[in-house]
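S.K.: Handing over structure-v4.tsv, TSV, C-alpha atoms.
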```
chain	number	residue	atom	x	y	z
A	2	MET	CA	18.77	-20.67	-34.31
A	3	ILE	CA	19.22	-17.26	-32.68
A	4	GLY	CA	21.02	-14.26	-34.14
A	5	ARG	CA	21.30	-10.50	-33.75
A	6	ARG	CA	19.42	-8.16	-36.04
A	7	LYS	CA	20.32	-4.68	-37.17
A	8	ASN	CA	18.18	-2.07	-35.49
A	9	ASN	CA	15.29	-0.52	-37.33
A	10	PRO	CA	15.23	3.16	-36.26
A	11	ALA	CA	11.43	3.22	-36.44
A	12	ALA	CA	11.18	0.14	-34.23
A	13	GLU	CA	13.78	1.39	-31.75
A	14	ASN	CA	11.47	4.06	-30.37
A	15	ALA	CA	8.28	2.00	-30.54
A	16	ARG	CA	7.15	1.06	-27.05
A	17	SER	CA	3.51	1.22	-28.02
A	18	VAL	CA	1.80	-1.58	-29.91
A	19	ALA	CA	-1.56	-3.31	-30.26
A	20	ILE	CA	-1.49	-7.11	-30.50
A	21	VAL	CA	-4.80	-8.05	-32.10
A	22	GLY	CA	-6.85	-11.10	-33.04
A	23	GLY	CA	-5.02	-13.69	-30.93
A	24	ARG	CA	-6.01	-16.19	-28.27
A	25	VAL	CA	-5.18	-14.01	-25.28
A	26	VAL	CA	-4.30	-15.89	-22.07
A	27	PRO	CA	-4.12	-13.27	-19.28
A	28	ILE	CA	-3.37	-15.91	-16.55
A	29	THR	CA	-5.38	-13.94	-13.96
A	30	GLY	CA	-8.56	-13.90	-16.06
A	31	GLU	CA	-10.51	-15.88	-18.62
A	32	VAL	CA	-9.05	-16.68	-22.04
A	33	ILE	CA	-10.13	-14.16	-24.68
A	34	GLU	CA	-10.61	-15.49	-28.21
A	35	GLY	CA	-9.79	-12.90	-30.86
A	36	GLY	CA	-8.59	-10.57	-28.13
A	37	THR	CA	-6.40	-7.48	-28.06
A	38	VAL	CA	-3.54	-6.44	-25.81
A	39	LEU	CA	-2.79	-2.72	-26.01
A	40	ILE	CA	0.59	-1.45	-24.81
A	41	MET	CA	1.24	2.29	-24.54
A	42	ASP	CA	4.63	3.71	-23.58
A	43	GLY	CA	5.77	0.31	-22.29
A	44	ARG	CA	2.75	-0.46	-20.09
A	45	ILE	CA	-0.34	-2.57	-20.73
A	46	THR	CA	-3.32	-0.22	-20.91
A	47	ALA	CA	-6.08	-2.56	-22.10
A	48	VAL	CA	-6.81	-6.27	-22.50
A	49	GLY	CA	-10.07	-7.47	-23.97
A	50	ALA	CA	-12.22	-8.50	-26.88
A	51	ASP	CA	-13.31	-4.97	-27.80
A	52	VAL	CA	-10.48	-2.51	-27.34
A	53	SER	CA	-10.41	0.89	-29.03
A	54	LEU	CA	-7.06	1.52	-30.66
A	55	PRO	CA	-5.31	4.89	-30.81
A	56	LYS	CA	-4.95	6.29	-34.30
A	57	GLY	CA	-1.74	5.30	-36.05
A	58	ILE	CA	-0.59	2.74	-33.49
A	59	ARG	CA	1.44	-0.18	-34.76
A	60	THR	CA	-0.53	-3.43	-34.82
A	61	VAL	CA	0.63	-7.04	-34.74
A	62	ASP	CA	-1.84	-9.54	-36.17
A	63	ALA	CA	-1.94	-12.56	-33.85
A	64	THR	CA	-4.77	-14.41	-35.59
A	65	ASP	CA	-4.53	-18.17	-34.91
A	66	GLN	CA	-1.72	-17.47	-32.44
A	67	TRP	CA	-1.50	-17.40	-28.63
A	68	VAL	CA	-0.73	-14.25	-26.64
A	69	LEU	CA	0.69	-14.67	-23.13
A	70	PRO	CA	2.63	-12.68	-20.56
A	71	GLY	CA	6.37	-13.17	-20.67
A	72	PHE	CA	7.42	-16.08	-18.49
A	73	VAL	CA	9.17	-15.46	-15.17
A	74	GLU	CA	12.22	-17.54	-14.20
A	75	SER	CA	12.43	-17.30	-10.41
A	76	HIS	CA	15.79	-19.00	-9.83
A	77	GLY	CA	18.66	-18.84	-12.29
A	78	HIS	CA	22.26	-17.83	-12.80
A	79	ILE	CA	22.04	-16.28	-16.24
A	80	GLY	CA	24.67	-13.59	-16.71
A	81	VAL	CA	26.69	-14.61	-13.62
A	82	HIS	CA	27.42	-18.10	-14.96
A	83	GLU	CA	28.14	-17.21	-18.56
A	84	GLU	CA	28.02	-19.90	-21.20
A	85	GLY	CA	31.17	-20.81	-23.08
A	86	ASN	CA	33.48	-18.49	-21.12
A	87	GLY	CA	34.97	-20.96	-18.66
A	88	TRP	CA	36.36	-19.57	-15.40
A	89	ALA	CA	36.35	-16.03	-16.79
A	90	GLY	CA	32.57	-16.02	-16.94
A	91	GLN	CA	32.00	-17.95	-13.71
A	92	ASP	CA	30.95	-15.53	-10.97
A	93	THR	CA	28.22	-17.60	-9.31
A	94	ASN	CA	29.90	-18.35	-5.97
A	95	GLU	CA	32.36	-16.37	-3.83
A	96	MET	CA	33.51	-19.48	-1.97
A	97	THR	CA	36.04	-17.82	0.32
A	98	ASP	CA	33.68	-16.75	3.11
A	99	PRO	CA	30.70	-18.80	4.30
A	100	ILE	CA	28.78	-15.62	5.25
A	101	GLY	CA	28.28	-13.70	2.03
A	102	ALA	CA	25.17	-11.60	2.62
A	103	ARG	CA	27.12	-8.60	1.31
A	104	PHE	CA	27.72	-10.23	-2.09
A	105	ARG	CA	25.35	-9.04	-4.84
A	106	ALA	CA	24.48	-10.92	-8.03
A	107	LEU	CA	23.84	-7.48	-9.54
A	108	ASP	CA	27.57	-6.75	-9.55
A	109	ALA	CA	28.46	-9.81	-11.65
A	110	ILE	CA	25.82	-9.92	-14.41
A	111	ASN	CA	26.94	-9.68	-18.02
A	112	PRO	CA	23.92	-8.72	-20.20
A	113	ALA	CA	25.85	-9.95	-23.24
A	114	ASP	CA	25.62	-13.55	-22.02
A	115	GLU	CA	24.11	-15.70	-24.77
A	116	GLY	CA	21.67	-17.04	-22.21
A	117	PHE	CA	19.65	-13.83	-22.37
A	118	ARG	CA	18.86	-14.41	-26.04
A	119	ASP	CA	17.95	-18.00	-25.20
A	120	ALA	CA	15.62	-16.68	-22.52
A	121	LEU	CA	13.75	-14.57	-25.06
A	122	ALA	CA	13.61	-17.51	-27.47
A	123	GLY	CA	11.80	-19.43	-24.72
A	124	GLY	CA	9.38	-16.61	-23.96
A	125	VAL	CA	11.14	-15.70	-20.69
A	126	THR	CA	11.18	-11.92	-20.20
A	127	ALA	CA	11.98	-11.66	-16.47
A	128	VAL	CA	14.62	-13.52	-14.46
A	129	VAL	CA	15.55	-13.62	-10.78
A	130	ILE	CA	19.31	-14.07	-10.76
A	131	LYS	CA	20.82	-15.60	-7.64
A	132	PRO	CA	24.28	-16.36	-6.33
A	133	GLY	CA	25.07	-20.06	-6.19
A	134	SER	CA	24.77	-22.55	-3.35
A	135	GLY	CA	28.39	-22.90	-2.31
A	136	ASN	CA	27.99	-20.77	0.81
A	137	PRO	CA	25.61	-21.06	3.77
A	138	ILE	CA	24.70	-17.44	2.97
A	139	GLY	CA	25.47	-16.80	-0.67
A	140	GLY	CA	24.32	-13.25	-1.33
A	141	GLN	CA	21.67	-10.93	-2.65
A	142	THR	CA	19.49	-11.76	-5.64
A	143	VAL	CA	18.16	-9.41	-8.29
A	144	ALA	CA	15.17	-9.49	-10.63
A	145	ILE	CA	15.82	-8.13	-14.10
A	146	LYS	CA	14.37	-8.08	-17.60
A	147	SER	CA	15.87	-10.46	-20.16
A	148	TRP	CA	16.92	-7.70	-22.54
A	149	GLY	CA	19.08	-4.62	-22.09
A	150	ARG	CA	22.49	-3.09	-22.58
A	151	MET	CA	23.42	-2.63	-18.89
A	152	VAL	CA	21.99	-4.39	-15.89
A	153	ASP	CA	21.08	-1.15	-14.11
A	154	GLU	CA	18.56	-0.41	-16.88
A	155	MET	CA	17.12	-3.95	-16.66
A	156	VAL	CA	16.39	-4.10	-12.92
A	157	ILE	CA	12.88	-4.84	-11.68
A	158	ALA	CA	13.79	-5.28	-8.00
A	159	GLU	CA	17.10	-5.20	-6.11
A	160	PRO	CA	17.68	-6.82	-3.74
A	161	CYS	CA	14.94	-9.28	-4.52
A	162	SER	CA	15.81	-11.80	-1.80
A	163	LEU	CA	18.77	-13.24	0.08
A	164	LYS	CA	20.16	-16.60	-1.01
A	165	SER	CA	21.11	-19.28	1.52
A	166	ALA	CA	22.07	-22.94	1.14
A	167	LEU	CA	21.65	-26.06	3.24
A	168	GLY	CA	22.76	-29.60	2.52
A	169	GLU	CA	25.56	-31.04	0.43
A	170	ASN	CA	26.98	-28.02	-1.38
A	171	PRO	CA	28.24	-25.78	1.45
A	172	LYS	CA	29.43	-28.72	3.59
A	173	ARG	CA	31.41	-30.04	0.61
A	174	VAL	CA	32.93	-26.64	-0.30
A	175	TYR	CA	34.19	-25.85	3.19
A	176	GLY	CA	34.86	-29.45	4.15
A	177	GLU	CA	37.34	-29.62	1.30
A	178	GLN	CA	38.97	-26.48	2.72
A	179	LYS	CA	39.19	-28.18	6.16
A	180	LYS	CA	37.26	-25.37	7.80
A	181	THR	CA	33.84	-24.73	9.29
A	182	PRO	CA	31.24	-25.64	8.14
A	183	SER	CA	31.93	-29.18	7.02
A	184	THR	CA	28.70	-30.79	8.26
A	185	ARG	CA	24.97	-30.05	8.18
A	186	LEU	CA	25.10	-29.05	11.84
A	187	GLY	CA	27.97	-26.72	11.05
A	188	VAL	CA	26.16	-25.10	8.14
A	189	THR	CA	23.10	-24.44	10.27
A	190	ALA	CA	25.19	-23.09	13.14
A	191	VAL	CA	26.96	-20.64	10.82
A	192	ILE	CA	23.61	-19.35	9.55
A	193	ARG	CA	22.15	-19.09	13.05
A	194	GLN	CA	25.21	-17.22	14.35
A	195	ALA	CA	25.02	-14.71	11.50
A	196	LEU	CA	21.32	-14.06	12.14
A	197	MET	CA	21.90	-13.64	15.89
A	198	LYS	CA	24.68	-11.13	15.17
A	199	ALA	CA	22.27	-9.30	12.88
A	200	GLN	CA	19.73	-9.09	15.72
A	201	ASP	CA	22.39	-7.60	17.99
A	202	TYR	CA	23.51	-5.24	15.20
A	203	ARG	CA	19.94	-3.99	14.72
A	204	ALA	CA	19.55	-3.29	18.44
A	205	ALA	CA	22.87	-1.47	18.62
A	206	ARG	CA	22.15	0.52	15.46
A	207	ASP	CA	18.71	1.59	16.68
A	208	HIS	CA	20.14	2.54	20.09
A	209	ALA	CA	22.87	4.63	18.48
A	210	ALA	CA	20.28	6.37	16.29
A	211	ALA	CA	18.10	7.14	19.33
A	212	GLU	CA	21.12	8.55	21.16
A	213	GLY	CA	22.28	10.50	18.10
A	214	LYS	CA	25.61	8.74	18.14
A	215	PRO	CA	27.70	7.52	15.18
A	216	PHE	CA	27.52	3.87	14.25
A	217	THR	CA	29.85	1.65	12.23
A	218	ARG	CA	27.94	-0.01	9.42
A	219	ASP	CA	28.37	-3.63	8.32
A	220	LEU	CA	27.34	-4.82	4.85
A	221	ASP	CA	26.47	-8.37	5.91
A	222	ALA	CA	24.43	-7.26	8.92
A	223	GLU	CA	22.57	-4.55	7.00
A	224	ILE	CA	21.03	-6.98	4.51
A	225	LEU	CA	20.39	-9.62	7.18
A	226	VAL	CA	18.42	-7.03	9.19
A	227	ARG	CA	16.27	-6.41	6.12
A	228	VAL	CA	15.52	-10.14	6.06
A	229	LEU	CA	14.69	-10.14	9.78
A	230	ASP	CA	12.43	-7.10	9.28
A	231	GLY	CA	10.51	-8.92	6.54
A	232	GLU	CA	11.51	-6.53	3.77
A	233	ILE	CA	12.90	-9.28	1.53
A	234	PRO	CA	12.44	-13.07	1.58
A	235	TRP	CA	15.02	-15.73	2.42
A	236	CYS	CA	15.55	-18.01	-0.59
A	237	GLN	CA	16.67	-21.33	0.86
A	238	HIS	CA	18.49	-23.80	-1.40
A	239	THR	CA	17.37	-27.15	0.00
A	240	HIS	CA	16.58	-30.54	-1.52
A	241	ARG	CA	16.09	-33.21	1.16
A	242	ALA	CA	13.10	-33.37	3.48
A	243	ASP	CA	15.33	-33.16	6.56
A	244	ASP	CA	17.00	-30.02	5.20
A	245	ILE	CA	13.58	-28.53	4.43
A	246	ALA	CA	12.66	-29.19	8.06
A	247	THR	CA	15.80	-27.32	9.14
A	248	ALA	CA	14.84	-24.42	6.87
A	249	LEU	CA	11.42	-24.29	8.52
A	250	ARG	CA	13.01	-24.43	11.98
A	251	LEU	CA	15.32	-21.50	11.25
A	252	ALA	CA	12.55	-19.43	9.68
A	253	GLU	CA	10.32	-19.91	12.72
A	254	GLU	CA	13.17	-19.12	15.09
A	255	PHE	CA	14.02	-15.82	13.40
A	256	GLY	CA	10.66	-14.92	11.86
A	257	TYR	CA	11.70	-14.28	8.27
A	258	ARG	CA	9.79	-15.04	5.06
A	259	LEU	CA	10.99	-18.39	3.75
A	260	VAL	CA	10.96	-19.50	0.13
A	261	VAL	CA	12.06	-23.08	-0.48
A	262	ASN	CA	14.26	-23.30	-3.58
A	263	HIS	CA	14.62	-26.64	-5.45
A	264	GLY	CA	12.56	-28.61	-2.91
A	265	THR	CA	13.24	-31.99	-4.51
A	266	GLU	CA	11.70	-33.80	-1.52
A	267	ALA	CA	9.14	-31.11	-0.68
A	268	HIS	CA	6.41	-33.50	-1.82
A	269	LEU	CA	7.15	-35.53	1.34
A	270	LEU	CA	6.08	-32.56	3.50
A	271	PRO	CA	3.22	-31.06	1.45
A	272	ASP	CA	0.79	-30.60	4.35
A	273	VAL	CA	3.41	-28.86	6.48
A	274	LEU	CA	4.39	-26.47	3.69
A	275	ALA	CA	0.77	-25.73	2.83
A	276	GLU	CA	-0.19	-25.11	6.44
A	277	LYS	CA	2.72	-22.71	6.95
A	278	ASP	CA	2.09	-21.06	3.53
A	279	ILE	CA	5.66	-21.69	2.38
A	280	PRO	CA	6.06	-21.46	-1.42
A	281	VAL	CA	8.37	-23.78	-3.35
A	282	ILE	CA	10.45	-22.89	-6.40
A	283	MET	CA	10.90	-26.39	-7.81
A	284	GLY	CA	13.51	-27.65	-10.21
A	285	PRO	CA	15.50	-28.12	-12.26
A	286	LEU	CA	13.49	-31.07	-13.55
A	287	ILE	CA	15.10	-32.17	-16.84
A	288	VAL	CA	18.23	-33.49	-15.12
A	289	SER	CA	19.73	-36.76	-14.03
A	290	ARG	CA	19.74	-37.85	-10.39
A	291	SER	CA	23.35	-36.77	-10.11
A	292	LYS	CA	23.69	-36.72	-6.31
A	293	VAL	CA	22.05	-38.17	-3.22
A	294	GLU	CA	19.94	-35.08	-2.58
A	295	VAL	CA	18.09	-35.35	-5.90
A	296	ASN	CA	17.35	-39.09	-5.86
A	297	GLN	CA	13.62	-38.32	-5.66
A	298	ARG	CA	13.60	-35.86	-8.54
A	299	SER	CA	10.39	-36.45	-10.50
A	300	MET	CA	8.16	-34.61	-12.96
A	301	ARG	CA	5.25	-35.60	-10.71
A	302	ASN	CA	6.44	-33.52	-7.77
A	303	PRO	CA	5.19	-30.05	-8.88
A	304	GLY	CA	1.69	-31.46	-9.34
A	305	LEU	CA	1.77	-33.21	-5.97
A	306	LEU	CA	2.64	-29.96	-4.24
A	307	ASP	CA	0.09	-27.93	-6.15
A	308	ARG	CA	-2.72	-30.34	-5.30
A	309	ALA	CA	-1.71	-30.10	-1.62
A	310	GLY	CA	-2.22	-26.33	-1.72
A	311	VAL	CA	1.42	-25.25	-1.96
A	312	LYS	CA	2.20	-22.31	-4.23
A	313	VAL	CA	4.64	-23.69	-6.81
A	314	ALA	CA	6.98	-22.07	-9.30
A	315	ILE	CA	9.06	-24.12	-11.72
A	316	THR	CA	12.70	-23.24	-12.39
A	317	THR	CA	15.42	-24.29	-14.84
A	318	ASP	CA	18.23	-23.23	-12.50
A	319	HIS	CA	19.90	-22.02	-15.71
A	320	PRO	CA	22.40	-23.08	-16.93
A	321	VAL	CA	21.72	-26.45	-15.27
A	322	VAL	CA	18.78	-26.64	-17.67
A	323	PRO	CA	18.90	-24.06	-20.49
A	324	ILE	CA	16.47	-21.28	-19.66
A	325	ASN	CA	14.53	-21.63	-22.93
A	326	TYR	CA	13.27	-25.00	-21.64
A	327	LEU	CA	11.34	-23.43	-18.75
A	328	VAL	CA	8.04	-23.95	-20.57
A	329	THR	CA	9.09	-27.47	-21.58
A	330	GLN	CA	9.50	-28.42	-17.93
A	331	ALA	CA	6.04	-27.06	-17.16
A	332	ALA	CA	4.55	-29.03	-20.05
A	333	LEU	CA	6.21	-32.22	-18.86
A	334	ALA	CA	4.82	-31.60	-15.37
A	335	VAL	CA	1.34	-31.47	-16.96
A	336	ARG	CA	2.02	-34.75	-18.73
A	337	ASP	CA	2.83	-36.24	-15.32
A	338	GLY	CA	-0.31	-35.03	-13.59
A	339	MET	CA	-0.03	-31.31	-12.86
A	340	ASP	CA	-3.12	-29.25	-13.62
A	341	ARG	CA	-2.59	-27.33	-16.86
A	342	ASP	CA	-3.62	-23.94	-15.48
A	343	ALA	CA	-1.45	-24.52	-12.40
A	344	ALA	CA	1.52	-25.27	-14.66
A	345	LEU	CA	1.01	-22.00	-16.53
A	346	ARG	CA	0.79	-20.13	-13.25
A	347	SER	CA	4.02	-21.85	-12.14
A	348	ILE	CA	5.99	-19.94	-14.78
A	349	THR	CA	4.03	-16.68	-14.74
A	350	ILE	CA	2.06	-15.23	-11.83
A	351	ASN	CA	3.25	-17.66	-9.13
A	352	PRO	CA	6.97	-16.82	-9.43
A	353	ALA	CA	6.04	-13.15	-9.73
A	354	GLU	CA	4.05	-13.30	-6.51
A	355	ILE	CA	6.62	-15.40	-4.66
A	356	MET	CA	9.39	-12.95	-5.49
A	357	GLY	CA	7.30	-9.80	-5.03
A	358	LEU	CA	7.21	-8.81	-8.70
A	359	ASP	CA	3.50	-9.28	-9.43
A	360	ASP	CA	2.78	-5.54	-9.56
A	361	ARG	CA	4.83	-5.45	-12.77
A	362	VAL	CA	5.06	-8.91	-14.40
A	363	GLY	CA	3.45	-12.36	-14.49
A	364	SER	CA	0.08	-11.64	-16.12
A	365	LEU	CA	-1.63	-9.53	-18.76
A	366	ASP	CA	-3.27	-6.89	-16.59
A	367	GLU	CA	-3.74	-3.18	-17.07
A	368	GLY	CA	-0.88	-1.20	-15.55
A	369	LYS	CA	1.69	-3.98	-15.76
A	370	ASP	CA	4.83	-3.87	-17.87
A	371	GLY	CA	4.37	-4.56	-21.56
A	372	ASP	CA	6.18	-7.91	-21.44
A	373	VAL	CA	4.14	-9.94	-23.92
A	374	VAL	CA	4.93	-12.95	-26.08
A	375	VAL	CA	3.05	-14.00	-29.22
A	376	TRP	CA	3.34	-17.76	-29.68
A	377	SER	CA	2.71	-19.67	-32.91
A	378	GLY	CA	0.40	-21.99	-30.95
A	379	ASP	CA	-0.12	-23.56	-27.55
A	380	PRO	CA	3.15	-22.94	-25.64
A	381	PHE	CA	2.86	-26.44	-24.13
A	382	ASP	CA	3.08	-27.89	-27.65
A	383	LEU	CA	6.70	-28.77	-28.40
A	384	MET	CA	6.31	-27.46	-31.95
A	385	SER	CA	5.18	-23.98	-30.85
A	386	ARG	CA	7.62	-21.12	-30.60
A	387	PRO	CA	7.60	-17.39	-29.77
A	388	LEU	CA	7.12	-15.30	-32.91
A	389	HIS	CA	7.19	-11.85	-31.30
A	390	VAL	CA	8.71	-11.05	-27.90
A	391	PHE	CA	8.02	-7.66	-26.33
A	392	VAL	CA	9.82	-6.26	-23.29
A	393	ASP	CA	8.39	-3.01	-21.95
A	394	GLY	CA	6.45	-2.70	-25.19
A	395	ARG	CA	9.52	-2.95	-27.39
A	396	GLU	CA	9.78	-5.87	-29.80
A	397	VAL	CA	13.17	-7.31	-28.86
A	398	GLN	CA	13.03	-10.66	-30.64
A	399	THR	CA	11.23	-11.77	-33.80
A	400	PHE	CA	11.22	-15.19	-35.40
A	401	ASP	CA	11.78	-15.26	-39.16
A	402	ALA	CA	9.95	-18.32	-40.50
A	403	GLU	CA	11.74	-18.16	-43.87
A	404	THR	CA	15.23	-18.44	-42.39
A	405	GLY	CA	14.31	-20.24	-39.17
A	406	VAL	CA	16.22	-17.65	-37.16
A	407	ALA	CA	15.05	-15.67	-34.13
A	408	HIS	CA	16.49	-12.18	-34.55
A	409	THR	CA	17.23	-10.26	-31.37
A	410	LEU	CA	17.40	-6.48	-31.21
A	411	ASP	CA	20.95	-5.46	-30.32
A	412	PRO	CA	20.69	-3.41	-27.10
A	413	TYR	CA	24.16	-1.96	-27.56
A	414	GLN	CA	23.08	-0.19	-30.74
A	415	ASN	CA	19.77	0.89	-29.25
A	416	LEU	CA	19.75	4.51	-28.10
A	417	PRO	CA	17.63	5.60	-25.13
A	418	GLU	CA	14.40	7.36	-26.00
```
In structure tokens, how does this file's structure come out?
M.R.:
Amino acid sequence: MIGRRKNNPAAENARSVAIVGGRVVPITGEVIEGGTVLIMDGRITAVGADVSLPKGIRTVDATDQWVLPGFVESHGHIGVHEEGNGWAGQDTNEMTDPIGARFRALDAINPADEGFRDALAGGVTAVVIKPGSGNPIGGQTVAIKSWGRMVDEMVIAEPCSLKSALGENPKRVYGEQKKTPSTRLGVTAVIRQALMKAQDYRAARDHAAAEGKPFTRDLDAEILVRVLDGEIPWCQHTHRADDIATALRLAEEFGYRLVVNHGTEAHLLPDVLAEKDIPVIMGPLIVSRSKVEVNQRSMRNPGLLDRAGVKVAITTDHPVVPINYLVTQAALAVRDGMDRDAALRSITINPAEIMGLDDRVGSLDEGKDGDVVVWSGDPFDLMSRPLHVFVDGREVQTFDAETGVAHTLDPYQNLPE
């Protein structure tokens, strides 16, 4: 059960804390038994077995508990697909224009969505929020923290990537409207045309700048040029092997950084993906085979890709799978053959690296954000749960064992420091 707690004025301003005595799992280093994680002013300043603590700092005793970085969900729709609000809270897809590079997930996120409290209850402290897959080019993604009162204060990176979709979804959406694209060849043509226009736009813009002449800006072309210039990756919704091949073909034609999202049949092309160094954000996994594209959905697939040398992140695609089950999916992947350490990386440092966030989140390293979760035990044990969740050094959720309720700090009553 998850509830809101009244703010403790002393805790409101505390962004410095020492978590001591726990089994510290840094992800990028060796496990430290009886270790300490020191957070000062919202940043990790020390991780180790013998850390000197500043006088008077608050301490959290993590003896017999596990201390990990907050998990990173690299593909979700939390806040743009609100739970329990019907059409009023559904802002995932602007399905009136197949080219939506100008659309921004940032502009539709409601931090009051219940899903954010669920995220914390599952140890997820950072989320990459993406538009949906109804359009060939769906819009700009944003990486944010899982706690805050307004999205602008929660942002880690914006834009984080550009979302695109191949396969069933866009052809169905526009096929039902009796307009292009209604086929796979149409979807690909629409994407290719938009990218070619962006190339022309870039040339014309640069020429105008060199000549000192005015130039009419275009929101779609501006973000597409940033993709072409390699500033942000192209997150490609694609399930089937043939659609993955199309994604590879487009990426090679235009030279952008491709990230395969979902990748249900990516295990059929593991050598190709590994050779081209294309990462895969895989999932959701705890779902039925609800359409043709996901007939080969299997818990074995993340492990197959990892063993082939593909960098893998696991996703819930929230709310398709509730975001608090991110770690559950990783644990089930281990049960079906994925290396345990690889599974932990798939929900921590791998998604952070894939989405360009690893300078701030994804591991317990000095200088990174103080996003730390104290677990009652092994997070891959179904009976374990987060006891203390810290975002930027602030304890934002605490589990009360007596009542069985996880209390979340109310950001709307929390005053800036």
S.K.: What is the distance, in Å and to one decimal place, between CA of Ile28 in chain A and CA of Asp366 in chain A?
M.R.: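 Straight-line distance from CA of Ile28 in chain A to CA of Asp366 in chain A works out to 9.0 Å.
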S.K.: With a cut-off of 9 Å, could you pull out the residues of range 14-96 of chain A touching range 117-130 of chain A and give me the nearest pair of atoms for each, distance in Å to one decimal, using all atoms listed in the file, ordered by chain and ascending number, as a tab-separated table?
M.R.:
```
residue	atom	partner	partner_atom	distance
A:Leu69	CA	A:Gly124	CA	8.9
A:Pro70	CA	A:Gly124	CA	8.5
A:Gly71	CA	A:Thr126	CA	5.0
A:Phe72	CA	A:Val125	CA	4.3
A:Val73	CA	A:Ala127	CA	4.9
A:Glu74	CA	A:Val128	CA	4.7
A:Ser75	CA	A:Val129	CA	4.8
A:His76	CA	A:Val129	CA	5.5
A:Gly77	CA	A:Ile130	CA	5.1
A:His78	CA	A:Ile130	CA	5.2
A:Ile79	CA	A:Ile130	CA	6.5
A:Gly80	CA	A:Phe117	CA	7.6
A:Val81	CA	A:Ile130	CA	7.9
```
S.K.: Report, in Å with one decimal, the straight-line distance from CA of Pro280 in chain A to CA of Gly30 in chain A.
M.R.: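 Result for CA of Pro280 in chain A versus CA of Gly30 in chain A: 22.0 Å, one decimal.
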S.K.: Got a sec: who's within 9 Å of Cys236 in chain A, counting only C-alpha atoms, leaving out chain neighbours fewer than 3 positions off, as a list in words?
M.R.: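 Those residues are Thr142, Ser162, Leu163, Lys164, Ser165, Ala166, Arg258, Leu259, Val260, Val261 and Asn262 of chain A.
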S.K.: What is the distance between CA of Thr349 in chain A and CA of Gly133 in chain A, in Å to one decimal?
M.R.: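 For CA of Thr349 in chain A relative to CA of Gly133 in chain A, the distance reads 23.0 Å.
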S.K.: Find, counting all atoms listed in the file, the residue in A:Glu266, A:Asp108, A:Pro99, A:Tyr257 that gets nearest to Ser183 in chain A.
M.R.: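 Of A:Glu266, A:Asp108, A:Pro99, A:Tyr257, the one nearest Ser183 in chain A, counting all atoms listed in the file, is A:Pro99.
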S.K.: Using all atoms listed in the file, which of the listed residues (A:Ala331, A:Ile245, A:Val188, A:Ala344) sits closest to Gly176 in chain A?
M.R.: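 With all atoms listed in the file as the atom set, the closest residue is A:Val188.
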S.K.: Find the residues around Ala242 in chain A up to 10 Å (all atoms listed in the file counted), leave out those fewer than 4 positions away in its own chain, and share them as a PyMOL selection string.
M.R.: chain A and resi 246-248+264-270+294
S.K.: Counting all atoms listed in the file, which residue out of A:Arg346, A:Lys146, A:Arg103, A:Arg341 sits closest to Ile224 in chain A?
M.R.: A:Arg103
S.K.: Please return, as a list in words, all polymer residues that have at least one atom within 12 Å of the point (25.0, -10.9, 14.1); use all atoms listed in the file and the file's own coordinate frame.
M.R.: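 I get Ile100, Ala102, Val191, Ile192, Arg193, Gln194, Ala195, Leu196, Met197, Lys198, Ala199, Gln200, Asp201, Tyr202, Arg203, Ala204, Ala205, Arg206, Asp219, Leu220, Asp221, Ala222, Glu223, Ile224, Leu225, Val226 and Leu229 of chain A for the residues within 12 Å of that point.
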S.K.: Take the residues from that selection and put them in a file with C-alpha atoms, as a PDB file, keeping the file's coordinate frame.
M.R.:
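So the final result, stored in part30.pdb, reads:
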```
ATOM      1  CA  ILE A 100      28.780 -15.620   5.250  1.00  0.00           C
ATOM      2  CA  ALA A 102      25.170 -11.600   2.620  1.00  0.00           C
ATOM      3  CA  VAL A 191      26.960 -20.640  10.820  1.00  0.00           C
ATOM      4  CA  ILE A 192      23.610 -19.350   9.550  1.00  0.00           C
ATOM      5  CA  ARG A 193      22.150 -19.090  13.050  1.00  0.00           C
ATOM      6  CA  GLN A 194      25.210 -17.220  14.350  1.00  0.00           C
ATOM      7  CA  ALA A 195      25.020 -14.710  11.500  1.00  0.00           C
ATOM      8  CA  LEU A 196      21.320 -14.060  12.140  1.00  0.00           C
ATOM      9  CA  MET A 197      21.900 -13.640  15.890  1.00  0.00           C
ATOM     10  CA  LYS A 198      24.680 -11.130  15.170  1.00  0.00           C
ATOM     11  CA  ALA A 199      22.270  -9.300  12.880  1.00  0.00           C
ATOM     12  CA  GLN A 200      19.730  -9.090  15.720  1.00  0.00           C
ATOM     13  CA  ASP A 201      22.390  -7.600  17.990  1.00  0.00           C
ATOM     14  CA  TYR A 202      23.510  -5.240  15.200  1.00  0.00           C
ATOM     15  CA  ARG A 203      19.940  -3.990  14.720  1.00  0.00           C
ATOM     16  CA  ALA A 204      19.550  -3.290  18.440  1.00  0.00           C
ATOM     17  CA  ALA A 205      22.870  -1.470  18.620  1.00  0.00           C
ATOM     18  CA  ARG A 206      22.150   0.520  15.460  1.00  0.00           C
ATOM     19  CA  ASP A 219      28.370  -3.630   8.320  1.00  0.00           C
ATOM     20  CA  LEU A 220      27.340  -4.820   4.850  1.00  0.00           C
ATOM     21  CA  ASP A 221      26.470  -8.370   5.910  1.00  0.00           C
ATOM     22  CA  ALA A 222      24.430  -7.260   8.920  1.00  0.00           C
ATOM     23  CA  GLU A 223      22.570  -4.550   7.000  1.00  0.00           C
ATOM     24  CA  ILE A 224      21.030  -6.980   4.510  1.00  0.00           C
ATOM     25  CA  LEU A 225      20.390  -9.620   7.180  1.00  0.00           C
ATOM     26  CA  VAL A 226      18.420  -7.030   9.190  1.00  0.00           C
ATOM     27  CA  LEU A 229      14.690 -10.140   9.780  1.00  0.00           C
TER      28      LEU A 229
END
```
